[in-house]
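Q: Below is model.txt; it holds compact mmCIF, C-alpha atoms.
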# COMPACT_ATOMS: atom_id res chain seq x y z
CA MET A 108 126.45 125.36 109.01
CA LYS A 109 126.32 128.86 110.46
CA GLN A 110 126.99 129.69 114.05
CA MET A 111 124.93 132.01 116.23
CA GLU A 112 127.11 134.48 118.06
CA GLY A 113 126.51 136.01 121.45
CA PHE A 114 125.66 132.89 123.49
CA GLU A 115 129.17 132.18 124.53
CA GLY A 116 127.39 133.62 127.24
CA ASP A 117 90.25 88.16 140.56
CA ARG A 118 93.14 89.49 142.09
CA THR A 119 93.34 91.79 139.15
CA ALA A 120 94.65 95.31 139.52
CA ILE A 121 93.20 97.44 136.74
CA VAL A 122 94.01 101.01 135.88
CA LYS A 123 92.11 102.59 133.02
CA PHE A 124 93.61 105.25 130.77
CA GLU A 125 90.46 106.38 128.98
CA PHE A 126 90.29 108.34 125.75
CA ASN A 127 87.66 110.88 124.77
CA PRO A 128 87.43 110.98 120.95
CA LYS A 129 88.04 114.28 119.22
CA ASP A 130 87.82 115.58 115.69
CA GLY A 131 90.89 115.55 113.48
CA ILE A 132 93.37 113.21 111.90
CA ASP A 133 96.08 111.50 113.93
CA ASN A 134 99.46 110.35 112.74
CA PRO A 135 99.78 106.61 112.03
CA ALA A 136 101.08 104.19 114.64
CA LEU A 137 104.78 104.58 115.30
CA SER A 138 106.78 101.51 116.24
CA LEU A 139 110.33 100.32 116.63
CA ALA A 140 109.91 97.92 113.72
CA GLU A 141 110.68 99.57 110.40
CA ASP A 142 108.96 96.89 108.32
CA THR A 143 105.99 98.69 106.77
CA ASP A 144 104.28 95.37 106.01
CA GLY A 145 104.00 94.48 109.68
CA GLU A 146 105.81 94.52 112.98
CA ALA A 147 108.63 92.03 113.44
CA ALA A 148 107.68 89.28 115.87
CA GLY A 149 109.54 89.49 119.14
CA GLU A 150 110.61 93.11 118.65
CA PRO A 151 109.69 95.79 121.21
CA ARG A 152 107.53 98.56 119.80
CA PHE A 153 107.66 102.21 120.85
CA TYR A 154 104.64 104.51 121.02
CA LEU A 155 104.53 108.16 121.96
CA LEU A 156 101.01 108.97 123.17
CA SER A 157 100.09 112.65 123.35
CA LYS A 158 96.68 113.81 124.52
CA GLY A 159 94.88 117.01 125.39
CA SER A 160 94.31 118.04 128.99
CA ALA A 161 90.68 116.87 128.82
CA GLU A 162 91.58 113.54 127.19
CA THR A 163 93.02 110.27 128.38
CA PHE A 164 95.00 107.52 126.70
CA GLY A 165 92.34 104.93 125.85
CA PHE A 166 93.56 101.67 127.40
CA CYS A 167 93.61 99.70 130.64
CA LEU A 168 96.67 98.32 132.37
CA HIS A 169 96.11 94.99 134.15
CA GLU A 170 97.97 92.87 136.64
CA GLU A 171 96.34 89.47 136.16
CA LEU A 172 96.09 86.56 138.54
CA GLY A 173 98.43 83.80 137.41
CA GLY A 174 99.83 85.99 134.65
CA ARG A 175 103.09 87.79 134.20
CA GLY A 176 103.89 91.37 133.36
CA HIS A 177 101.88 94.56 133.05
CA VAL A 178 99.19 93.70 130.50
CA VAL A 179 97.54 96.14 128.10
CA ARG A 180 93.80 95.45 127.93
CA GLN A 181 90.57 97.09 126.74
CA VAL A 182 92.18 99.21 124.05
CA GLU A 183 89.31 101.46 123.07
CA LEU A 184 88.09 101.26 119.50
CA GLY A 185 89.09 104.47 117.76
CA GLY A 186 90.91 105.70 120.85
CA LEU A 187 94.34 107.24 120.96
CA ALA A 188 96.16 104.06 122.01
CA GLN A 189 94.57 102.00 119.24
CA ARG A 190 95.28 104.60 116.60
CA ARG A 191 98.91 104.61 117.62
CA GLY A 192 99.08 100.81 117.40
CA LEU A 193 98.83 99.54 120.97
CA GLN A 194 97.23 96.07 121.04
CA ASP A 195 95.30 94.02 123.56
CA GLY A 196 97.65 91.65 125.37
CA ASP A 197 100.80 93.72 124.85
CA ARG A 198 103.17 93.70 127.81
CA LEU A 199 104.56 97.02 128.99
CA LEU A 200 108.37 97.02 129.21
CA GLN A 201 109.31 100.69 129.47
CA VAL A 202 107.71 103.97 130.53
CA ASN A 203 109.56 107.07 129.40
CA GLY A 204 112.74 105.13 128.73
CA ARG A 205 112.80 103.40 132.12
CA PHE A 206 112.46 99.61 132.37
CA VAL A 207 109.38 98.69 134.40
CA ASP A 208 108.73 94.96 133.92
CA HIS A 209 110.27 94.20 137.31
CA LEU A 210 108.41 96.94 139.19
CA ASP A 211 105.31 96.64 141.37
CA HIS A 212 102.19 97.26 139.30
CA GLN A 213 101.20 100.45 141.09
CA ARG A 214 104.70 101.86 140.69
CA VAL A 215 104.22 101.48 136.94
CA VAL A 216 100.85 103.20 137.16
CA GLN A 217 102.47 106.04 139.10
CA ARG A 218 105.07 106.53 136.37
CA ILE A 219 102.39 106.78 133.67
CA LYS A 220 100.25 109.16 135.71
CA ALA A 221 103.22 111.38 136.58
CA SER A 222 103.94 111.70 132.86
CA GLY A 223 100.90 113.94 132.38
CA ASN A 224 99.63 114.44 128.84
CA GLN A 225 102.45 112.68 127.02
CA VAL A 226 104.04 109.31 127.65
CA LEU A 227 106.52 107.13 125.78
CA LEU A 228 105.76 103.41 126.06
CA ALA A 229 107.76 100.38 124.93
CA VAL A 230 105.72 97.17 124.62
CA LEU A 231 106.19 93.57 123.50
CA ASP A 232 103.42 91.40 122.11
CA GLY A 233 102.07 88.84 124.56
CA ASP A 234 103.30 85.70 122.75
CA SER A 235 106.84 86.99 122.42
CA TYR A 236 106.81 88.10 126.05
CA GLU A 237 105.77 84.67 127.32
CA ALA A 238 108.29 82.94 125.05
CA ALA A 239 111.10 85.17 126.32
CA LYS A 240 110.10 84.53 129.92
CA ALA A 241 109.98 80.77 129.33
CA LEU A 242 113.53 80.89 127.96
CA GLY A 243 114.72 82.96 130.90
CA ARG A 244 115.70 85.89 128.69
CA ASP A 245 116.52 89.25 130.20
CA LEU A 246 113.82 91.44 128.70
CA ALA A 247 115.84 94.57 129.37
CA GLN A 248 118.35 93.31 126.82
CA LEU A 249 115.68 93.45 124.10
CA LEU A 250 115.58 97.23 124.49
CA PRO A 251 118.15 99.70 123.18
CA ALA A 252 120.86 101.06 125.43
CA ASP A 253 120.18 104.36 127.18
CA VAL A 254 118.49 106.60 124.62
CA ARG A 255 117.42 109.29 127.04
CA PRO A 256 117.89 112.99 126.38
CA ARG A 257 119.28 115.20 129.14
CA LEU A 258 117.78 118.12 131.07
CA CYS A 259 120.31 120.79 132.04
CA HIS A 260 119.83 124.05 133.92
CA VAL A 261 122.44 126.66 132.95
CA ARG A 262 123.19 129.84 134.90
CA ARG A 263 125.02 132.63 133.18
CA ASP A 264 128.36 133.85 134.52
CA LYS A 265 130.25 137.04 133.62
CA ASN A 266 131.36 135.45 130.33
CA GLY A 267 127.93 134.21 129.27
CA PHE A 268 126.33 130.77 129.21
CA GLY A 269 129.36 129.02 127.78
CA PHE A 270 127.96 127.63 124.55
CA SER A 271 127.29 128.60 120.96
CA VAL A 272 124.67 127.32 118.55
CA SER A 273 125.09 126.32 114.92
CA GLY A 274 122.72 124.95 112.32
CA PRO A 275 122.14 124.74 108.58
CA GLU A 276 121.11 128.09 107.14
CA GLY A 277 117.46 128.26 106.13
CA THR A 278 116.52 125.13 108.09
CA LYS A 279 114.30 125.34 111.15
CA GLY A 280 114.70 123.32 114.32
CA LEU A 281 118.20 121.88 113.79
CA PHE A 282 120.54 123.41 116.36
CA GLN A 283 123.80 121.85 117.52
CA LEU A 284 125.64 123.10 120.59
CA SER A 285 129.33 123.77 120.95
CA VAL A 286 130.22 123.91 124.64
CA ARG A 287 133.19 125.77 126.14
CA HIS A 288 135.16 123.53 128.48
CA GLY A 289 134.72 124.57 132.10
CA GLY A 290 131.98 127.10 131.28
CA PRO A 291 128.47 127.24 132.78
CA ALA A 292 126.93 124.91 130.18
CA ASP A 293 129.73 122.38 130.65
CA ARG A 294 129.31 122.47 134.42
CA ALA A 295 125.54 122.04 133.99
CA GLY A 296 126.09 118.80 132.05
CA VAL A 297 125.49 119.96 128.47
CA PRO A 298 127.58 117.70 126.18
CA THR A 299 129.35 119.43 123.32
CA GLY A 300 127.96 118.38 119.97
CA SER A 301 124.51 117.68 121.43
CA TRP A 302 121.31 118.80 119.71
CA LEU A 303 118.98 121.33 121.29
CA LEU A 304 115.40 120.04 121.53
CA GLU A 305 113.68 122.34 124.02
CA LEU A 306 114.41 125.68 125.63
CA ASN A 307 112.71 126.44 128.97
CA GLY A 308 110.13 123.71 128.38
CA ALA A 309 109.21 124.77 124.82
CA SER A 310 110.15 122.87 121.68
CA VAL A 311 112.51 124.59 119.25
CA ARG A 312 111.55 122.36 116.31
CA SER A 313 109.71 125.18 114.54
CA CYS A 314 112.21 127.93 115.40
CA SER A 315 114.38 129.71 112.88
CA ARG A 316 117.90 130.75 113.86
CA ALA A 317 116.74 134.30 114.47
CA GLN A 318 113.78 133.17 116.60
CA LEU A 319 116.00 130.93 118.71
CA ALA A 320 118.48 133.78 119.18
CA ARG A 321 115.70 135.98 120.55
CA LYS A 322 114.46 133.24 122.88
CA LEU A 323 117.94 132.65 124.23
CA LYS A 324 118.47 136.36 124.90
CA GLN A 325 115.07 136.58 126.61
CA SER A 326 116.05 133.82 129.04
CA GLY A 327 117.90 136.31 131.23
CA SER A 328 120.46 134.85 133.62
CA LYS A 329 119.34 131.22 133.49
CA MET A 330 117.83 128.72 131.08
CA THR A 331 116.82 125.06 130.98
CA LEU A 332 117.84 123.00 127.98
CA LEU A 333 116.62 119.62 126.78
CA VAL A 334 119.46 118.20 124.72
CA ALA A 335 120.26 114.89 123.05
CA SER A 336 123.40 113.30 121.69
CA GLY A 337 123.58 112.50 118.01
CA ALA A 338 122.81 108.83 118.68
CA VAL A 339 119.76 109.63 120.83
CA GLU A 340 118.45 112.22 118.37
CA GLU A 341 118.86 109.75 115.50
CA PHE A 342 117.06 106.96 117.38
CA TYR A 343 113.92 109.05 117.76
CA ARG A 344 114.14 110.83 114.41
CA LEU A 345 114.39 107.62 112.39
CA ARG A 346 111.22 106.39 114.06
CA GLY A 347 109.31 109.62 113.62
CA LEU A 348 109.12 110.16 117.37
CA GLN A 349 109.41 113.42 119.25
CA VAL A 350 111.94 113.22 122.07
CA PRO A 351 109.89 113.66 125.28
CA ALA A 352 111.26 115.64 128.20
CA ALA A 353 109.57 113.11 130.50
CA ALA A 354 112.15 110.55 129.35
CA ALA A 355 115.12 112.76 130.23
CA ASP A 356 118.06 112.09 132.48
CA ALA A 357 117.60 114.79 135.13
CA SER A 358 120.56 113.86 137.30
CA TRP A 359 122.37 117.10 136.39
CA LEU A 360 119.56 119.35 137.60
CA PRO A 361 120.09 121.28 140.85
CA TYR A 362 116.40 120.89 141.73
CA LYS A 363 115.49 117.63 143.43
CA ALA A 364 112.93 116.15 145.77
CA ARG A 365 114.16 115.18 149.24
CA GLU A 366 113.35 112.17 151.37
CA LEU A 367 112.73 112.72 155.08
CA HIS A 368 112.69 109.67 157.35
CA MET A 369 111.38 110.43 160.82
CA VAL A 370 111.02 108.41 164.00
CA LYS A 371 108.48 109.90 166.40
CA GLY A 372 109.78 111.05 169.76
CA PRO A 373 107.96 111.94 173.00
CA GLY A 374 107.11 115.34 171.50
CA GLY A 375 105.77 113.87 168.27
CA TYR A 376 107.25 114.56 164.84
CA GLY A 377 107.12 118.31 165.31
CA PHE A 378 105.40 119.77 162.25
CA LEU A 379 102.05 121.02 160.98
CA LEU A 380 100.50 119.77 157.74
CA LYS A 381 98.35 122.35 155.97
CA GLU A 382 96.39 122.13 152.73
CA ASP A 383 96.51 125.14 150.42
CA ASP A 384 96.67 126.30 146.81
CA TYR A 385 99.99 126.23 144.99
CA GLY A 386 99.21 127.71 141.58
CA ALA A 387 96.67 127.32 138.77
CA GLY A 388 94.05 126.16 141.26
CA ALA A 389 96.04 123.07 142.28
CA ILE A 390 95.78 121.91 145.89
CA GLY A 391 98.79 120.66 147.84
CA GLN A 392 99.80 119.50 151.29
CA PHE A 393 102.41 121.79 152.87
CA LEU A 394 104.68 121.55 155.91
CA TRP A 395 104.70 124.40 158.42
CA GLU A 396 105.62 125.23 162.03
CA VAL A 397 108.59 122.89 162.18
CA ASP A 398 109.53 122.58 165.85
CA ALA A 399 113.19 123.11 166.72
CA GLY A 400 115.01 120.00 167.90
CA LEU A 401 112.28 117.49 167.07
CA ALA A 402 112.27 114.70 164.49
CA ALA A 403 111.05 116.78 161.54
CA GLU A 404 113.77 119.42 161.88
CA ARG A 405 116.46 116.80 162.42
CA ALA A 406 115.34 115.04 159.23
CA GLY A 407 115.80 118.24 157.23
CA MET A 408 112.20 119.47 156.94
CA ARG A 409 111.81 123.11 155.89
CA GLU A 410 108.76 125.29 156.27
CA GLY A 411 106.93 125.60 152.97
CA ASP A 412 107.98 122.19 151.64
CA ARG A 413 105.23 120.44 149.69
CA VAL A 414 104.62 116.75 150.29
CA LEU A 415 104.84 114.57 147.16
CA ALA A 416 104.65 111.09 148.68
CA VAL A 417 104.15 109.32 151.98
CA ASN A 418 105.95 106.02 152.65
CA GLY A 419 106.77 105.66 148.98
CA GLU A 420 103.28 106.40 147.66
CA SER A 421 102.38 109.53 145.72
CA ILE A 422 99.67 111.65 147.34
CA GLU A 423 98.87 113.74 144.28
CA GLY A 424 95.11 113.70 143.88
CA LEU A 425 94.48 112.82 147.53
CA ASP A 426 92.81 115.20 149.95
CA HIS A 427 94.03 116.38 153.32
CA GLN A 428 92.38 113.69 155.41
CA GLN A 429 93.64 110.88 153.17
CA THR A 430 97.16 112.26 153.50
CA VAL A 431 96.85 112.48 157.28
CA LEU A 432 95.75 108.85 157.44
CA ARG A 433 98.79 107.78 155.43
CA ILE A 434 101.14 109.71 157.70
CA ARG A 435 99.55 108.03 160.72
CA ALA A 436 99.57 104.53 159.18
CA HIS A 437 102.59 103.60 161.31
CA GLU A 438 102.64 104.38 164.97
CA ASP A 439 106.14 105.75 165.35
CA TRP A 440 107.72 106.39 161.95
CA VAL A 441 107.00 107.96 158.59
CA THR A 442 108.92 108.71 155.40
CA LEU A 443 107.97 111.80 153.39
CA LEU A 444 109.08 112.80 149.93
CA VAL A 445 109.04 116.59 149.79
CA ILE A 446 110.07 119.42 147.50
CA ASP A 447 110.99 122.99 148.36
CA PRO A 448 109.11 125.93 146.76
CA ALA A 449 111.91 126.89 144.33
CA SER A 450 112.25 123.33 143.01
CA ASP A 451 108.49 122.97 142.86
CA GLU A 452 108.20 126.11 140.75
CA PHE A 453 111.02 124.94 138.48
CA TYR A 454 109.24 121.71 137.53
CA ARG A 455 105.89 123.47 137.17
CA SER A 456 107.46 125.96 134.77
CA LEU A 457 108.49 123.04 132.56
CA GLY A 458 105.13 121.29 132.88
CA LEU A 459 106.81 118.25 134.46
CA SER A 460 106.24 116.34 137.68
CA PRO A 461 109.31 115.85 139.91
CA LEU A 462 108.05 112.29 140.43
CA LEU A 463 109.10 111.54 136.85
CA PHE A 464 112.76 111.66 137.74
CA LEU A 465 112.99 109.34 140.73
CA GLU A 466 115.14 106.42 139.67
CA ASP A 467 114.52 102.83 140.73
CA GLY A 468 117.56 102.83 143.01
CA ASP A 469 116.62 106.10 144.67
CA PRO A 470 115.06 105.45 148.09
CA ALA A 471 112.73 108.35 147.46
CA SER A 472 111.23 106.48 144.51
CA GLY A 473 109.61 104.08 146.92
CA SER A 474 111.51 101.00 145.76
CA CYS A 475 113.57 101.05 148.95
CA THR A 476 110.89 102.48 151.20
CA PRO A 477 108.26 100.45 153.06
CA SER A 478 104.87 101.06 151.49
CA LEU A 479 101.62 101.86 153.23
CA PRO A 480 100.05 98.63 154.46
CA SER A 481 96.76 97.58 152.94
CA PRO A 482 94.81 94.31 152.97
CA HIS A 483 97.06 93.03 150.19
CA GLY A 484 100.12 95.15 150.94
CA SER A 485 99.87 97.05 147.67
CA PRO A 486 100.74 100.72 147.36
CA GLY A 487 98.41 103.43 146.14
CA LEU A 488 97.98 105.46 143.03
CA CYS A 489 99.12 108.95 142.18
CA HIS A 490 97.59 111.93 140.37
CA VAL A 491 95.27 111.33 137.44
CA ASP A 492 93.76 113.72 134.93
CA VAL A 493 90.09 114.66 134.82
CA GLY A 494 88.15 111.53 133.95
CA PRO A 495 84.67 110.71 132.74
CA LYS A 496 83.14 111.77 136.05
CA GLY A 497 84.20 115.36 135.44
CA PRO A 498 86.43 117.82 137.35
CA GLY A 499 87.23 116.92 140.94
CA SER A 500 87.03 113.16 140.42
CA TRP A 501 90.10 111.12 141.14
CA LEU A 502 91.09 107.49 140.82
CA VAL A 503 92.36 106.04 144.09
CA ALA A 504 93.94 102.60 144.21
CA ALA A 505 93.68 100.59 147.42
CA ALA A 506 93.79 96.85 148.00
CA ASN A 507 94.14 96.25 144.26
CA SER A 508 90.88 97.96 143.36
CA ILE A 509 89.93 101.24 141.74
CA THR A 510 87.19 103.51 143.06
CA ILE A 511 86.00 107.00 142.18
CA THR A 512 85.85 109.58 144.96
CA GLN A 513 84.96 113.26 144.87
CA SER A 514 87.46 115.77 146.21
CA PRO A 515 86.12 118.29 148.73
CA ARG A 516 85.29 121.68 147.24
CA LYS A 517 88.09 124.20 147.16
CA GLU A 518 86.57 126.47 149.78
CA GLU A 519 86.34 123.51 152.18
CA GLN A 520 90.03 122.65 151.76
CA ARG A 521 91.95 125.85 152.22
CA TRP A 522 92.29 125.89 156.00
CA LEU A 523 92.61 122.20 156.70
CA HIS A 524 95.63 121.48 158.86
CA GLU A 525 96.89 118.82 161.22
CA ALA A 526 99.65 118.80 163.83
CA PHE A 527 102.07 115.88 164.18
Could you express the structure from this file as C-alpha cells?
A:
Amino acid sequence: MKQMEGFEGDRTAIVKFEFNPKDGIDNPALSLAEDTDGEAAGEPRFYLLSKGSAETFGFCLHEELGGRGHVVRQVELGGLAQRRGLQDGDRLLQVNGRFVDHLDHQRVVQRIKASGNQVLLAVLDGDSYEAAKALGRDLAQLLPADVRPRLCHVRRDKNGFGFSVSGPEGTKGLFQLSVRHGGPADRAGVPTGSWLLELNGASVRSCSRAQLARKLKQSGSKMTLLVASGAVEEFYRLRGLQVPAAAADASWLPYKARELHMVKGPGGYGFLLKEDDYGAGAIGQFLWEVDAGLAAERAGMREGDRVLAVNGESIEGLDHQQTVLRIRAHEDWVTLLVIDPASDEFYRSLGLSPLLFLEDGDPASGSCTPSLPSPHGSPGLCHVDVGPKGPGSWLVAAANSITITQSPRKEEQRWLHEAF
C-alpha cells in the first residue's frame, strides 16, 4: 500500500414507478441471498435500482385494503425492477437503509421519490412476510445492523484537511483514509481506516491515485466525502452493490433543514411566500419580507429560505397555489420545513435531496408533525420525475388516490406571491 502525501491538509393507495425501456444490457438481479440457484426463503433481498433522468423504476407500490405492508405490484415486463429481480407481492422493508415497514404509506413513497434516480430497496417475499407477521417477529431484526456509509464535509485549516490516503499501487478506486486525531477530517466525522467512495458527489471507483490526488487538490478549502467502514464496504462489495450516497448517515453534516412551528397572532404569521427559479429551471417556494416581532421571525424564519414541506408533507412538485392552500389548511398554526440558500446549494451540488436525511425521530420528517387533513387523513406525495405525460406533469396524492395535473408554465409562475 502506498500513501498519497500532501492531504494531511378499494381503499388502495397506489404509486406507480414506471420504466421506459432503453437499449442496452443490464446487470443481473442483485440480492442478499448468495445462493445462485435461487433466493433463500425468508431472507430479505437487496436491489439497487439506477435509472436515467427520463426513466422510472417500473413497478407500483400498493397499500391494500385488509393487507399488511407496502406491497410491490405491477412489475413491468422487461422493466428495470423486473430485470433487477423485484417480484409481484414483495413487501418493502427498507428504503436507502432505513426501515419503513412501520411508516405511513405516503411517507414511504416520499422516501423513494426523494431518492431521485437511484434507490436501494430491501424486500421480503409475500409469504415470508405474512409468516413473520403471524409469528409476531420483529421484521427489523431480519435486516443487517446499520450498514450505512457516512457523508462528511471537511474544511481545511492551516495544517490541511487532516487526513492522508493510501491504496494498493496500480489499483484504481481503492483508497483508505488515515485521519489525524483532532484535525478537520476527524472533527467532520471521518473515521480513520474508512474507505473513500465519493468525493464532492462523484464516485472515485475509476480513479487512479494520481487522478484522485488532482481532484483532492482541486477541491480548494472544503470537500465532501462519502466514506464507509470496512464492514459497510464489504457488505456492499460482496453483493456487487454500489454504495449509494442516498443511504448515508448525514448527521455529521453542517447543512440541515430547519423546522419552523408558528402560531398565528393578530398580525398574521408575518411573511411573504414567493415562487421563483432556484437553478436548472427548477421552481421553488421562497420566504421573503419576514416581519420583525411576528410569529415567523420568532420561529427562526430567514429571508431567502426555501420551503421543503408543509405540516410534514413535501411540497416538491406542487405549484404556488397548492402550497398556499396547505399553509392555510389550519386556521391558526402551520409547521414549515425550510432550508437556507447555502444548505440548499450544498445538497444540489451533490445531486441529493435534503429530504433524504430526515430521520424517523426527527420532527421535521413529519412523523411527529400533524399532517394536512384530507378526507381520509392521509398525507400527500412529494416530487416525482417526468412521467409518461411528458415534462410538467406531476403525480399528486390526495385522499389515497393518484391524479395527473399540469404545472403552470414557467412564465406564469415567476411572480406569484402570497402574504401570510
Q: Report as an mmCIF file with C-alpha atoms, keeping the file's coordinate frame all protein, DNA and RNA residues lying within 10 Å of Val179 (chain A), evaluated on all atoms listed in the file, omitting residues in the same chain fewer than 2 positions from it.
A:
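Okay, out_20.cif is ready:
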data_model
loop_
_atom_site.group_PDB
_atom_site.id
_atom_site.type_symbol
_atom_site.label_atom_id
_atom_site.label_comp_id
_atom_site.auth_asym_id
_atom_site.auth_seq_id
_atom_site.Cartn_x
_atom_site.Cartn_y
_atom_site.Cartn_z
ATOM 1 C CA ILE A 121 93.200 97.440 136.740
ATOM 2 C CA VAL A 122 94.010 101.010 135.880
ATOM 3 C CA LYS A 123 92.110 102.590 133.020
ATOM 4 C CA PHE A 166 93.560 101.670 127.400
ATOM 5 C CA CYS A 167 93.610 99.700 130.640
ATOM 6 C CA LEU A 168 96.670 98.320 132.370
ATOM 7 C CA HIS A 169 96.110 94.990 134.150
ATOM 8 C CA GLU A 170 97.970 92.870 136.640
ATOM 9 C CA GLY A 176 103.890 91.370 133.360
ATOM 10 C CA HIS A 177 101.880 94.560 133.050
ATOM 11 C CA GLN A 181 90.570 97.090 126.740
ATOM 12 C CA VAL A 182 92.180 99.210 124.050
ATOM 13 C CA LEU A 193 98.830 99.540 120.970
ATOM 14 C CA GLN A 194 97.230 96.070 121.040
ATOM 15 C CA ASP A 195 95.300 94.020 123.560
ATOM 16 C CA GLY A 196 97.650 91.650 125.370
ATOM 17 C CA ASP A 197 100.800 93.720 124.850
ATOM 18 C CA ARG A 198 103.170 93.700 127.810
ATOM 19 C CA LEU A 199 104.560 97.020 128.990
ATOM 20 C CA VAL A 230 105.720 97.170 124.620
ATOM 21 C CA ASP A 232 103.420 91.400 122.110
ATOM 22 C CA GLY A 233 102.070 88.840 124.560
#
Q: Give me, as a Markdown table, the closest atom pair and its distance (Å, one decimal) for every residue of region 249-293 of chain A within a cut-off of 9 Å of region 339-354 of chain A, counting all atoms listed in the file, rows sorted by chain and rising number.
A:
| residue | atom | partner | partner_atom | distance |
| --- | --- | --- | --- | --- |
| A:Asp253 | CA | A:Val339 | CA | 8.3 |
| A:Val254 | CA | A:Val339 | CA | 5.0 |
| A:Arg255 | CA | A:Ala354 | CA | 5.9 |
| A:Pro256 | CA | A:Val339 | CA | 6.8 |
| A:Arg257 | CA | A:Ala352 | CA | 8.1 |
| A:Leu258 | CA | A:Ala352 | CA | 7.5 |
Q: I'd like to know which of A:Ser273, A:Asn224, A:Ser450, A:Gln392 is closest to Leu425 (chain A), using only C-alpha atoms.
A: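 Answer, going by the shortest atom-to-atom distance: A:Gln392.
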Q: In terms of the shortest atom-to-atom distance over only C-alpha atoms, which of A:Gly173, A:Pro361, A:Gly269, A:Gly223 is closest to Leu156 (chain A)?
A: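 Ranking A:Gly173, A:Pro361, A:Gly269, A:Gly223 by distance to Leu156 (chain A), first place goes to A:Gly223.
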Q: Restricting the calculation to all atoms listed in the file, which member of A:Ala317, A:Ile446, A:Val397, A:Ala221 is positioned closest to Ala364 (chain A)?
A: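 Once distances to Ala364 (chain A) are computed over all atoms listed in the file, the minimum belongs to A:Ile446.
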Q: Grab the CA of Ile422 (chain A) to CA of Val445 (chain A) distance for me, in Å with one decimal place.
A: 10.9 Å
Q: Could you tell me which of A:Gly174, A:Pro461, A:Gly165, A:Gly186 comes closest to Ala355 (chain A) if we count all atoms listed in the file?
A: A:Pro461
Q: Skipping near chain neighbours, those fewer than 2 positions away, what residues fall within 7 Å of region 204-207 of chain A using only C-alpha atoms, listed as number ranges by chain?
A: A: 200-202, 209-210, 215, 247, 255, 354
Q: Tell me which protein, DNA and RNA residues are within 6 Å of Gln283 (chain A), counting all atoms listed in the file, leaving out same-chain ones fewer than 6 positions away, and put them as a list in words.
A: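 Here the answer would be Val272, Ser273, Gly300, Ser301 and Trp302 of chain A.
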Q: CA of Gly289 (chain A) and CA of Asp356 (chain A) are how many Å apart?
A: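 Here the two named atoms are 20.8 Å from each other.
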Q: Which residues come within 12 Å of region 371-375 of chain A, counting all atoms listed in the file, excluding same-chain residues fewer than 3 positions away, as a PDB file with C-alpha atoms, keeping the file's coordinate frame?
A:
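The resulting file, result07.pdb, is shown below:
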ATOM      1  CA  HIS A 368     112.690 109.670 157.350  1.00  0.00           C
ATOM      2  CA  PHE A 378     105.400 119.770 162.250  1.00  0.00           C
ATOM      3  CA  LEU A 379     102.050 121.020 160.980  1.00  0.00           C
ATOM      4  CA  VAL A 397     108.590 122.890 162.180  1.00  0.00           C
ATOM      5  CA  ASP A 398     109.530 122.580 165.850  1.00  0.00           C
ATOM      6  CA  ALA A 399     113.190 123.110 166.720  1.00  0.00           C
ATOM      7  CA  GLY A 400     115.010 120.000 167.900  1.00  0.00           C
ATOM      8  CA  LEU A 401     112.280 117.490 167.070  1.00  0.00           C
ATOM      9  CA  ALA A 402     112.270 114.700 164.490  1.00  0.00           C
ATOM     10  CA  ALA A 403     111.050 116.780 161.540  1.00  0.00           C
ATOM     11  CA  GLU A 404     113.770 119.420 161.880  1.00  0.00           C
ATOM     12  CA  ARG A 405     116.460 116.800 162.420  1.00  0.00           C
ATOM     13  CA  ALA A 406     115.340 115.040 159.230  1.00  0.00           C
ATOM     14  CA  ILE A 434     101.140 109.710 157.700  1.00  0.00           C
ATOM     15  CA  ARG A 435      99.550 108.030 160.720  1.00  0.00           C
ATOM     16  CA  HIS A 437     102.590 103.600 161.310  1.00  0.00           C
ATOM     17  CA  GLU A 438     102.640 104.380 164.970  1.00  0.00           C
ATOM     18  CA  ASP A 439     106.140 105.750 165.350  1.00  0.00           C
ATOM     19  CA  TRP A 440     107.720 106.390 161.950  1.00  0.00           C
ATOM     20  CA  VAL A 441     107.000 107.960 158.590  1.00  0.00           C
ATOM     21  CA  THR A 442     108.920 108.710 155.400  1.00  0.00           C
ATOM     22  CA  ALA A 526      99.650 118.800 163.830  1.00  0.00           C
ATOM     23  CA  PHE A 527     102.070 115.880 164.180  1.00  0.00           C
TER      24      PHE A 527
END
Q: Please identify all polymer residues within 10 Å of Gly386 (chain A), counting only C-alpha atoms, omitting same-chain residues fewer than 5 positions from it, and present them as a JSON list (two decimals) with C-alpha atoms, keeping the file's coordinate frame.
A:
[["chain", "number", "residue", "atom", "x", "y", "z"],
["A", 391, "GLY", "CA", 98.79, 120.66, 147.84],
["A", 452, "GLU", "CA", 108.20, 126.11, 140.75],
["A", 455, "ARG", "CA", 105.89, 123.47, 137.17]]
Q: Do you have the CA of Lys322 (chain A)-CA of Cys259 (chain A) distance handy?
A: 16.5 Å
Q: Select, from A:Asp264, A:Glu162, A:Glu305, A:Glu410, the residue with the minimum atom-to-atom distance to Gly280 (chain A), counting only C-alpha atoms.
A: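 Closest candidate: A:Glu305.
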